[in-house]
file target_28.txt (compact mmCIF, C-alpha atoms)
# COMPACT_ATOMS: atom_id res chain seq x y z
CA MET A 1 70.90 156.13 -112.85
CA LYS A 2 71.98 152.50 -112.83
CA LEU A 3 74.30 151.72 -109.92
CA GLY A 4 77.24 150.69 -112.11
CA LYS A 5 77.05 153.84 -114.22
CA GLU A 6 76.84 155.99 -111.10
CA ILE A 7 79.88 154.29 -109.58
CA VAL A 8 81.90 154.77 -112.77
CA ARG A 9 80.77 158.39 -113.08
CA ARG A 10 81.84 159.25 -109.53
CA LEU A 11 85.14 157.40 -109.70
CA MET A 12 86.04 158.90 -113.08
CA ARG A 13 85.50 162.31 -111.51
CA GLU A 14 87.71 161.35 -108.57
CA PHE A 15 90.57 159.49 -110.26
CA LYS A 16 92.78 159.68 -113.30
CA ILE A 17 93.72 156.32 -114.77
CA ASP A 18 97.48 156.33 -115.28
CA GLU A 19 98.72 153.24 -117.12
CA ASP A 20 102.03 153.44 -115.23
CA GLU A 21 100.10 152.43 -112.10
CA PHE A 22 98.83 149.23 -113.72
CA VAL A 23 101.58 146.99 -115.03
CA SER A 24 99.32 144.72 -117.08
CA LEU A 25 97.62 147.70 -118.72
CA LYS A 26 101.00 149.15 -119.60
CA ALA A 27 102.11 145.80 -120.99
CA SER A 28 99.00 145.66 -123.18
CA ARG A 29 100.23 148.76 -125.05
CA SER A 30 102.99 146.58 -126.50
CA GLY A 31 100.43 144.64 -128.55
CA ASN A 32 102.10 141.45 -127.28
CA PRO A 33 99.64 139.20 -125.41
CA PHE A 34 102.46 136.98 -124.12
CA GLU A 35 104.04 140.00 -122.42
CA VAL A 36 100.70 140.74 -120.75
CA LEU A 37 100.47 137.13 -119.55
CA VAL A 38 104.03 137.09 -118.20
CA THR A 39 103.56 140.48 -116.52
CA THR A 40 100.35 139.31 -114.87
CA ILE A 41 101.98 136.11 -113.59
CA ILE A 42 104.86 138.14 -112.17
CA SER A 43 102.37 140.51 -110.49
CA GLN A 44 100.74 137.73 -108.48
CA ASN A 45 101.08 138.31 -104.72
CA THR A 46 103.26 141.38 -105.08
CA SER A 47 102.95 145.11 -105.75
CA ASP A 48 102.89 146.73 -109.18
CA LYS A 49 106.08 148.56 -108.18
CA ASN A 50 107.93 145.28 -107.61
CA THR A 51 106.45 143.83 -110.78
CA ALA A 52 107.58 146.84 -112.82
CA LEU A 53 111.14 146.44 -111.51
CA ALA A 54 111.17 142.74 -112.40
CA ILE A 55 109.82 143.49 -115.88
CA ARG A 56 112.50 146.14 -116.46
CA ARG A 57 115.17 143.61 -115.47
CA LEU A 58 113.64 141.04 -117.80
CA LYS A 59 113.53 143.49 -120.71
CA SER A 60 117.19 144.30 -120.14
CA GLU A 61 117.97 140.63 -120.80
CA VAL A 62 115.70 139.85 -123.75
CA LYS A 63 114.87 141.86 -126.86
CA ASN A 64 111.20 140.87 -126.74
CA ILE A 65 109.17 139.04 -124.11
CA LYS A 66 108.21 136.13 -126.33
CA PRO A 67 108.10 132.38 -125.65
CA GLU A 68 111.22 131.64 -127.69
CA GLU A 69 113.20 134.36 -125.88
CA ILE A 70 112.11 133.21 -122.44
CA SER A 71 112.98 129.62 -123.33
CA LYS A 72 116.61 130.65 -123.94
CA ILE A 73 117.08 132.01 -120.40
CA PRO A 74 118.45 129.42 -117.93
CA LEU A 75 116.07 128.85 -115.04
CA GLY A 76 118.52 130.07 -112.40
CA GLU A 77 119.13 133.28 -114.33
CA LEU A 78 115.42 133.90 -114.73
CA GLU A 79 114.96 133.40 -111.00
CA GLU A 80 117.49 136.13 -110.28
CA ILE A 81 115.86 138.47 -112.78
CA LEU A 82 112.48 138.02 -111.09
CA ARG A 83 113.79 138.19 -107.52
CA PRO A 84 112.33 141.70 -106.83
CA ALA A 85 108.80 140.39 -107.41
CA GLY A 86 108.93 137.75 -104.67
CA LEU A 87 108.14 134.05 -105.07
CA TYR A 88 110.69 134.32 -107.85
CA ARG A 89 111.59 130.63 -108.02
CA GLN A 90 107.96 129.60 -108.44
CA LYS A 91 107.25 132.37 -110.94
CA ALA A 92 110.36 131.63 -112.99
CA ARG A 93 109.46 127.94 -113.20
CA VAL A 94 105.87 128.71 -114.20
CA ILE A 95 106.90 131.25 -116.84
CA LYS A 96 109.39 128.79 -118.35
CA GLU A 97 106.66 126.13 -118.51
CA VAL A 98 104.17 128.55 -120.06
CA ALA A 99 106.75 129.68 -122.63
CA SER A 100 107.34 126.06 -123.63
CA ILE A 101 103.62 125.39 -124.02
CA LEU A 102 102.87 128.60 -125.92
CA SER A 103 105.52 128.38 -128.61
CA ASP A 104 104.51 128.61 -132.29
CA GLY A 105 101.75 131.16 -131.74
CA ARG A 106 99.55 129.00 -129.55
CA LEU A 107 98.54 131.91 -127.33
CA ASP A 108 97.13 133.78 -130.33
CA SER A 109 95.10 130.68 -131.16
CA ILE A 110 93.73 130.53 -127.61
CA LEU A 111 92.80 134.22 -127.63
CA SER A 112 91.03 133.74 -130.98
CA LEU A 113 88.63 131.10 -129.66
CA PRO A 114 85.00 132.10 -130.33
CA THR A 115 83.63 132.54 -126.81
CA LEU A 116 84.76 134.15 -123.58
CA GLU A 117 84.38 130.91 -121.62
CA GLU A 118 86.42 128.92 -124.13
CA ILE A 119 89.25 131.42 -123.86
CA ARG A 120 89.04 131.48 -120.05
CA ASN A 121 89.04 127.71 -119.79
CA ALA A 122 91.98 127.34 -122.18
CA LEU A 123 94.03 129.96 -120.34
CA MET A 124 93.28 128.41 -116.95
CA LYS A 125 94.73 125.11 -118.14
CA LEU A 126 98.13 126.80 -118.32
CA PRO A 127 100.48 126.50 -115.31
CA GLY A 128 100.08 129.34 -112.83
CA VAL A 129 97.01 130.81 -114.52
CA GLY A 130 93.89 131.11 -112.40
CA PRO A 131 90.69 133.04 -113.09
CA LYS A 132 92.12 136.46 -112.18
CA THR A 133 95.13 136.12 -114.46
CA ALA A 134 92.94 134.77 -117.25
CA ASP A 135 90.47 137.65 -116.90
CA VAL A 136 93.25 140.25 -116.89
CA VAL A 137 94.77 138.82 -120.07
CA ILE A 138 91.40 138.61 -121.80
CA SER A 139 90.31 142.11 -120.86
CA MET A 140 93.67 143.61 -121.87
CA THR A 141 94.22 141.76 -125.14
CA THR A 142 90.86 140.82 -126.69
CA GLU A 143 87.48 142.32 -127.49
CA LYS A 144 85.79 139.90 -125.08
CA ARG A 145 84.35 141.55 -121.96
CA THR A 146 85.12 140.29 -118.47
CA ILE A 147 86.12 141.74 -115.09
CA ALA A 148 89.17 140.55 -113.19
CA ILE A 149 88.81 140.56 -109.40
CA ASP A 150 91.80 141.37 -107.23
CA ARG A 151 91.97 141.75 -103.46
CA HIS A 152 91.17 145.46 -103.60
CA ILE A 153 88.05 144.94 -105.70
CA ALA A 154 86.87 142.06 -103.53
CA ARG A 155 87.21 144.21 -100.41
CA VAL A 156 85.43 147.18 -101.99
CA VAL A 157 82.42 145.23 -103.28
CA ARG A 158 81.97 143.38 -99.99
CA ARG A 159 82.01 146.64 -98.06
CA LEU A 160 79.62 148.24 -100.50
CA GLY A 161 77.28 145.30 -99.93
CA ILE A 162 77.27 144.30 -103.60
CA ALA A 163 78.70 140.87 -102.85
CA GLU A 164 78.86 139.99 -99.20
CA SER A 165 80.98 136.90 -98.82
CA GLY A 166 81.14 135.21 -102.19
CA GLY A 167 84.19 133.82 -103.90
CA TYR A 168 85.83 134.98 -107.08
CA GLU A 169 83.23 133.78 -109.57
CA GLU A 170 80.30 135.11 -107.57
CA ILE A 171 81.87 138.57 -107.25
CA ARG A 172 82.78 138.61 -110.94
CA SER A 173 79.28 137.57 -111.97
CA ARG A 174 77.69 140.22 -109.77
CA LEU A 175 79.88 143.00 -111.13
CA MET A 176 79.23 141.90 -114.70
CA GLU A 177 75.51 142.38 -113.93
CA ILE A 178 75.96 145.80 -112.35
CA PHE A 179 78.32 147.36 -114.89
CA GLU A 180 77.79 147.78 -118.61
CA PRO A 181 80.12 145.64 -120.75
CA GLU A 182 81.80 148.70 -122.21
CA ASP A 183 82.69 149.79 -118.66
CA TYR A 184 84.16 146.49 -117.43
CA LEU A 185 87.84 147.38 -117.84
CA LYS A 186 87.30 150.93 -116.61
CA ALA A 187 85.42 149.64 -113.57
CA HIS A 188 88.20 147.15 -112.83
CA LEU A 189 90.85 149.88 -112.82
CA LEU A 190 88.74 152.42 -110.92
CA LEU A 191 87.75 149.99 -108.18
CA ILE A 192 91.41 149.10 -107.68
CA LYS A 193 92.19 152.81 -107.37
CA LEU A 194 89.39 153.18 -104.85
CA GLY A 195 90.70 150.25 -102.82
CA ARG A 196 94.24 151.59 -102.82
CA THR A 197 93.30 155.18 -102.01
CA TYR A 198 90.24 155.16 -99.73
CA CYS A 199 88.86 151.66 -99.11
CA ARG A 200 92.06 150.33 -97.63
CA ALA A 201 92.20 147.10 -95.65
CA ARG A 202 93.44 149.01 -92.60
CA ASN A 203 92.34 152.52 -91.67
CA PRO A 204 89.89 153.05 -94.52
CA ARG A 205 89.21 156.69 -95.34
CA CYS A 206 85.44 156.39 -95.38
CA GLU A 207 84.75 160.08 -94.78
CA ASP A 208 86.64 161.03 -97.95
CA CYS A 209 85.30 158.23 -100.13
CA PRO A 210 83.22 159.30 -103.16
CA LEU A 211 80.97 156.27 -102.65
CA LYS A 212 80.37 156.65 -98.92
CA ASP A 213 76.64 157.27 -99.28
CA LEU A 214 76.32 154.04 -101.30
CA CYS A 215 78.39 151.97 -98.89
CA ARG A 216 76.95 149.78 -96.18
CA PHE A 217 80.32 149.53 -94.40
CA SER A 218 80.69 153.32 -94.28
CA LYS A 219 77.17 153.79 -92.95
CA ALA A 220 77.68 151.13 -90.29
CA THR A 221 80.99 152.55 -89.05
CA SER A 222 79.70 156.12 -88.98
CA SER A 223 76.46 155.34 -87.17
CA PRO A 224 76.28 156.57 -83.55
CA ALA A 225 76.56 153.88 -80.90
call {"tool": "encode", "arguments": {"input": "target_28.txt", "output": "structure tokens"}}
result
Amino acid sequence: MKLGKEIVRRLMREFKIDEDEFVSLKASRSGNPFEVLVTTIISQNTSDKNTALAIRRLKSEVKNIKPEEISKIPLGELEEILRPAGLYRQKARVIKEVASILSDGRLDSILSLPTLEEIRNALMKLPGVGPKTADVVISMTTEKRTIAIDRHIARVVRRLGIAESGGYEEIRSRLMEIFEPEDYLKAHLLLIKLGRTYCRARNPRCEDCPLKDLCRFSKATSSPA
């Protein structure tokens, strides 16, 4: 069995994907791409728990998370709303800038561009949007197939030996080779779950990991001296 399919099979057997654990996935159920973008920006460098709290506070202030609604909120007020997510001043400024740029349905136009790379490039021209945020938005809101790489995924694939020391684009490219396109989003979510549950940065639970026999890191740490 192809490595990617085997990884997905094992992790699907191990984990249940609960959308409440993934704030951007939950936001995608709204059918509002701008909400997904804002949620993903808020989630940068913080936990999903803190992001969810900030989003709840934001939704208590605005009827819909849309550019025109965000534009009405004074910057200082938006900063206070986003305070639980950390870096709230920076995030509030970025979100206000993005809302100004994406008025009049411009985000829908970007997401309708014909190719994955055109969409990625257009999104990454927005303030505060790097490759991870762009890939999350694309995978959650369009039919285009890509894999977003967060810190958990990067740690997992390096330990597995799939991508040893590469940067974001190298890891993404390697995973897009290993996994089937229809499994990209599922693989993204499952690898995050693996990183949070077993392949933790500190005190990894290698003995309990469903991928331990595939993992170079696990084999190295369990080998006798």
call {"tool": "atom_distance", "arguments": {"input": "target_28.txt", "atom1": "CA of Pro74 (chain A)", "atom2": "CA of Leu123 (chain A)"}}
result
24.5 Å
call {"tool": "closest_residue", "arguments": {"input": "target_28.txt", "among": "A:Ile65, A:Val98, A:Ile110, A:Thr40", "to": "Asp150 (chain A)", "atoms": "only C-alpha atoms"}}
result
A:Thr40
call {"tool": "closest_residue", "arguments": {"input": "target_28.txt", "among": "A:Glu180, A:Glu77, A:Glu35, A:Asp48", "to": "Glu21 (chain A)", "atoms": "only C-alpha atoms"}}
result
A:Asp48
call {"tool": "atom_distance", "arguments": {"input": "target_28.txt", "atom1": "CA of Cys215 (chain A)", "atom2": "CA of Lys132 (chain A)"}}
result
24.6 Å
call {"tool": "residues_around", "arguments": {"input": "target_28.txt", "residues": "Ser28 (chain A)", "least_positions_apart": "3", "cutoff": "12 Å", "atoms": "all atoms listed in the file", "output": "PyMOL selection string"}}
result
chain A and resi 19-20+22-25+31-40+136-142
call {"tool": "write_last_selection", "arguments": {"input": "target_28.txt", "atoms": "C-alpha atoms", "output": "PDB file, in the frame of the given file"}}
result
ATOM      1  CA  GLU A  19      98.720 153.240-117.120  1.00  0.00           C
ATOM      2  CA  ASP A  20     102.030 153.440-115.230  1.00  0.00           C
ATOM      3  CA  PHE A  22      98.830 149.230-113.720  1.00  0.00           C
ATOM      4  CA  VAL A  23     101.580 146.990-115.030  1.00  0.00           C
ATOM      5  CA  SER A  24      99.320 144.720-117.080  1.00  0.00           C
ATOM      6  CA  LEU A  25      97.620 147.700-118.720  1.00  0.00           C
ATOM      7  CA  GLY A  31     100.430 144.640-128.550  1.00  0.00           C
ATOM      8  CA  ASN A  32     102.100 141.450-127.280  1.00  0.00           C
ATOM      9  CA  PRO A  33      99.640 139.200-125.410  1.00  0.00           C
ATOM     10  CA  PHE A  34     102.460 136.980-124.120  1.00  0.00           C
ATOM     11  CA  GLU A  35     104.040 140.000-122.420  1.00  0.00           C
ATOM     12  CA  VAL A  36     100.700 140.740-120.750  1.00  0.00           C
ATOM     13  CA  LEU A  37     100.470 137.130-119.550  1.00  0.00           C
ATOM     14  CA  VAL A  38     104.030 137.090-118.200  1.00  0.00           C
ATOM     15  CA  THR A  39     103.560 140.480-116.520  1.00  0.00           C
ATOM     16  CA  THR A  40     100.350 139.310-114.870  1.00  0.00           C
ATOM     17  CA  VAL A 136      93.250 140.250-116.890  1.00  0.00           C
ATOM     18  CA  VAL A 137      94.770 138.820-120.070  1.00  0.00           C
ATOM     19  CA  ILE A 138      91.400 138.610-121.800  1.00  0.00           C
ATOM     20  CA  SER A 139      90.310 142.110-120.860  1.00  0.00           C
ATOM     21  CA  MET A 140      93.670 143.610-121.870  1.00  0.00           C
ATOM     22  CA  THR A 141      94.220 141.760-125.140  1.00  0.00           C
ATOM     23  CA  THR A 142      90.860 140.820-126.690  1.00  0.00           C
TER      24      THR A 142
END
call {"tool": "closest_residue", "arguments": {"input": "target_28.txt", "among": "A:Ala148, A:Leu160, A:Ala187, A:Ile171", "to": "Asp213 (chain A)", "atoms": "all atoms listed in the file"}}
result
A:Leu160
call {"tool": "closest_residue", "arguments": {"input": "target_28.txt", "among": "A:Glu80, A:Thr51, A:Ser71, A:Glu6", "to": "Leu211 (chain A)", "atoms": "only C-alpha atoms"}}
result
A:Glu6
call {"tool": "residues_near_point", "arguments": {"input": "target_28.txt", "point": "(116.5, 142.7, -116.7)", "cutoff": "12 Å", "atoms": "only C-alpha atoms", "output": "short mmCIF file (atom, residue, chain, number, x, y, z; two decimals) with C-alpha atoms, in the frame of the given file"}}
result
data_model
loop_
_atom_site.label_atom_id
_atom_site.label_comp_id
_atom_site.auth_asym_id
_atom_site.auth_seq_id
_atom_site.Cartn_x
_atom_site.Cartn_y
_atom_site.Cartn_z
CA THR A 51 106.45 143.83 -110.78
CA ALA A 52 107.58 146.84 -112.82
CA LEU A 53 111.14 146.44 -111.51
CA ALA A 54 111.17 142.74 -112.40
CA ILE A 55 109.82 143.49 -115.88
CA ARG A 56 112.50 146.14 -116.46
CA ARG A 57 115.17 143.61 -115.47
CA LEU A 58 113.64 141.04 -117.80
CA LYS A 59 113.53 143.49 -120.71
CA SER A 60 117.19 144.30 -120.14
CA GLU A 61 117.97 140.63 -120.80
CA VAL A 62 115.70 139.85 -123.75
CA LYS A 63 114.87 141.86 -126.86
CA ASN A 64 111.20 140.87 -126.74
CA ILE A 65 109.17 139.04 -124.11
CA ILE A 70 112.11 133.21 -122.44
CA ILE A 73 117.08 132.01 -120.40
CA GLU A 77 119.13 133.28 -114.33
CA LEU A 78 115.42 133.90 -114.73
CA GLU A 79 114.96 133.40 -111.00
CA GLU A 80 117.49 136.13 -110.28
CA ILE A 81 115.86 138.47 -112.78
CA LEU A 82 112.48 138.02 -111.09
CA ARG A 83 113.79 138.19 -107.52
CA PRO A 84 112.33 141.70 -106.83
#
call {"tool": "closest_residue", "arguments": {"input": "target_28.txt", "among": "A:Leu194, A:Ile149, A:Ala220, A:Ile178", "to": "Phe15 (chain A)", "atoms": "all atoms listed in the file"}}
result
A:Leu194
